[in-house]
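What follows is a short report on a single structure.
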Amino acid sequence: MRPGELVLGTALRSHLSSGTGARTHTGHVFAIVNQKGGVGKSTTAINLGASLANLGKRVLLIDMDPQGNTTSGVGVDKGKLTVTTYDVITAASPAERAVLHTATDGLDVMPSDVRLAGAEVELVSQIARETKLRTAIRTIEPKYDFLLIDCPPSLGLLTINGMTAAESCLIPLQCEFYALEGLAQLLDTIGLIRRHVNPALGVAGIVLTMVDQRTKLSEQVAADVRAHFPNLVLETEVPRSVRLAEAPSYGQPVATYAPGSRGAEAYTALARELLERLGMPIVEEEPQPDVVASTTDVPIEEPQPDVVASTTDVPIMENEPSSGELPVGAATVNPTDQLHHDGSDVG
């Protein structure tokens, strides 16, 4: 089987063929995976999850990356965590204890912390080490429509746990040459997981990220990937976006931070495309005000008076100057010197 012919997993494929994507007993579990770092895995997990929640779905983000970018990206303070994915997969702590609500309605997170970096060493000697996460989340799957697992940038035991627990993989792929080199290896690893651990595992799709239409390289890489994997590459492309890069620093998905930005629109379109593939109904999200950050993040400044004063603001002097003269001490204001804010969104 050529990599480009790798089909969707058994479970997901059955939903697509029947046109009834909703399952009554459990949620859809997707592992967001790519062994290369910096391709947008955490960004995709956060913003796809938030977009699905805004479309009326119940979503759980599972952070399996010791860096904890997904955890902090939804506004969780990693310094105040008590139970994380580390405790769930190494100490058999109940998954329910690790789940936290976020500011986005319908979006929960199972956070991670730096201790997860040592989990691979601790799991080596344990029985069924590849299935720790799958066993742990069985009790909470029925509560959600989607469980999105943010895997670390490696093909180690944590990533294998994520793929073993999932029904299908979602692969963010940066539109650069080096990102292509590891794709074949990743698809081979998915094939190994299917043969030995999780026969139902497949590929839900490849998501092109950091697409810059201004460059020939980005255009060429996108065209090459679509040519080699025509059935796997999703139609929606995620562009490079300043707002998308800024949102994690405020602990917010881009749909909250800058709902009118290109990044927010792209992930909403990606969520819709995924729901359409699964045959799941879409609940329209409520319109949100176009704000850059919440009032708790940006101090409210006192309103400032206009720079240009009206004629009624200039005090009338008893001894008026002769025609063409200004009162002593009166400042001249050139209207062209005023600063204007155009309020445009850079992306």
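Residue numbers start at 1 in each chain; chains themselves are named A, B, ... in the order of the structure tokens; ligands are numbered from 1 in the order shown.
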Could you give me, as a list in words, the residues within 9 Å of segment 123-129 of chain A, counting only C-alpha atoms and dropping anything in the same chain fewer than 5 positions from it?
Ile89, Thr90, Gly118, Leu157 and Asn161 of chain A
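When the distance limit is 7 Å and only C-alpha atoms are what count, the residues near Met110 of chain A, minus those fewer than 5 positions from it on the same chain, are A:Leu61, A:Ile62, A:Asp63, A:Thr84, A:Thr85, A:Ala98, A:Val99, A:Leu100.
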Using only C-alpha atoms, determine which residues lie at most 7 Å from Ala166 of chain A, disregarding the query and same-chain residues fewer than 3 positions distant; provide the list as a compact mmCIF listing (two decimals) with N, CA and C atoms, in the first residue's frame.
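Heads up, here's the output in result.txt:
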```
# COMPACT_ATOMS: atom_id res chain seq x y z
N VAL A 29 -12.53 10.33 18.77
CA VAL A 29 -11.22 10.59 19.36
C VAL A 29 -10.20 10.76 18.25
N PHE A 30 -9.59 11.94 18.19
CA PHE A 30 -8.60 12.24 17.16
C PHE A 30 -7.26 12.55 17.82
N ALA A 31 -6.20 11.93 17.31
CA ALA A 31 -4.84 12.27 17.75
C ALA A 31 -4.27 13.27 16.76
N GLY A 162 -1.26 8.19 22.43
CA GLY A 162 -2.27 9.02 21.81
C GLY A 162 -2.91 8.35 20.61
N MET A 163 -2.08 7.73 19.75
CA MET A 163 -2.60 7.07 18.55
C MET A 163 -3.34 5.78 18.89
N LEU A 201 -7.30 2.39 13.67
CA LEU A 201 -6.66 3.70 13.47
C LEU A 201 -6.52 4.03 11.99
```
Residue nearest Phe146 of chain A - candidates A:Lys57, A:Arg240, A:Arg277, A:Lys36, atoms counted: only C-alpha atoms
A:Lys57
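Between Gln185 of chain A and the residues A:Gly27, A:Gly75, A:Gln35, A:Leu170, the shortest atom-to-atom distance, using only C-alpha atoms, involves A:Gln35.
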Interatomic distance between atom CA of His228 of chain A and atom CA of Leu187 of chain A?
12.8 Å
Step one, run DSSP on the backbone; step two, keep only residues of segment 130-298 of chain A assigned to alpha helix (DSSP H); then write them as a ChimeraX atom specification.
/A:132-137,157-165,177-181,183-196,216-228,242-246,254-257,262-278
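With distances restricted to only C-alpha atoms, A:Thr189 is the closest residue to Leu155 of chain A from A:Asn198, A:Ser249, A:Thr189, A:Thr139.
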Which one of A:Asn69, A:Thr135, A:Thr44, A:Thr268 sits closest to Gly251 of chain A if you count only C-alpha atoms?
A:Asn69
As number ranges by chain, please: the residues near Leu173 of chain A (cut-off 7 Å, only C-alpha atoms, same-chain neighbours under 2 positions excluded).
A: 39, 171, 175, 179, 206-209
Restricted to C-alpha atoms, what would the selected residues look like written as a PDB file, in the first residue's frame?
```pdb
ATOM      1  CA  VAL A  39       3.941  22.712  12.562  1.00  0.00           C
ATOM      2  CA  ILE A 171      -1.855  15.611  10.717  1.00  0.00           C
ATOM      3  CA  CYS A 175       3.972  24.231   3.967  1.00  0.00           C
ATOM      4  CA  ALA A 179       7.885  19.165   6.856  1.00  0.00           C
ATOM      5  CA  ILE A 206      -3.798  16.296   6.521  1.00  0.00           C
ATOM      6  CA  VAL A 207      -4.229  19.961   7.449  1.00  0.00           C
ATOM      7  CA  LEU A 208      -2.000  22.424   5.600  1.00  0.00           C
ATOM      8  CA  THR A 209      -0.847  25.042   8.118  1.00  0.00           C
TER       9      THR A 209
END
```
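You will find atom CA of Asp108 of chain A at 14.7 Å from atom CA of Ser42 of chain A.
With atom CA of Met280 of chain A on one side and atom CA of Asp145 of chain A on the other, the separation reads 9.8 Å.
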List every residue of segment 71-176 of chain A that DSSP, applied to the backbone of this structure, assigns to strand (DSSP E), and report them as a list in words.
Leu100, His101, Leu107, Asp108, Val109, Met110, Phe146, Leu147, Leu148, Ile149, Asp150, Ser168, Cys169, Leu170, Ile171, Pro172, Leu173 and Gln174 of chain A
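The closest residue to Glu141 of chain A, picked from A:Val74, A:Leu107, A:Cys169, A:Leu60 and counting only C-alpha atoms, is A:Leu60.
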Surrounding residues of Met64 of chain A excluding itself and chain neighbours under 6 positions, 12 Å, only C-alpha atoms, as number ranges by chain
A: 31-33, 41-42, 45, 70-71, 84-89, 109-117, 119-120, 133, 148-154, 156-163, 165
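Closest approach to Glu235 of chain A from the set A:Ala103, A:Glu167, A:Gly37, A:Ala222 is made by A:Ala222, with distances taken over only C-alpha atoms.
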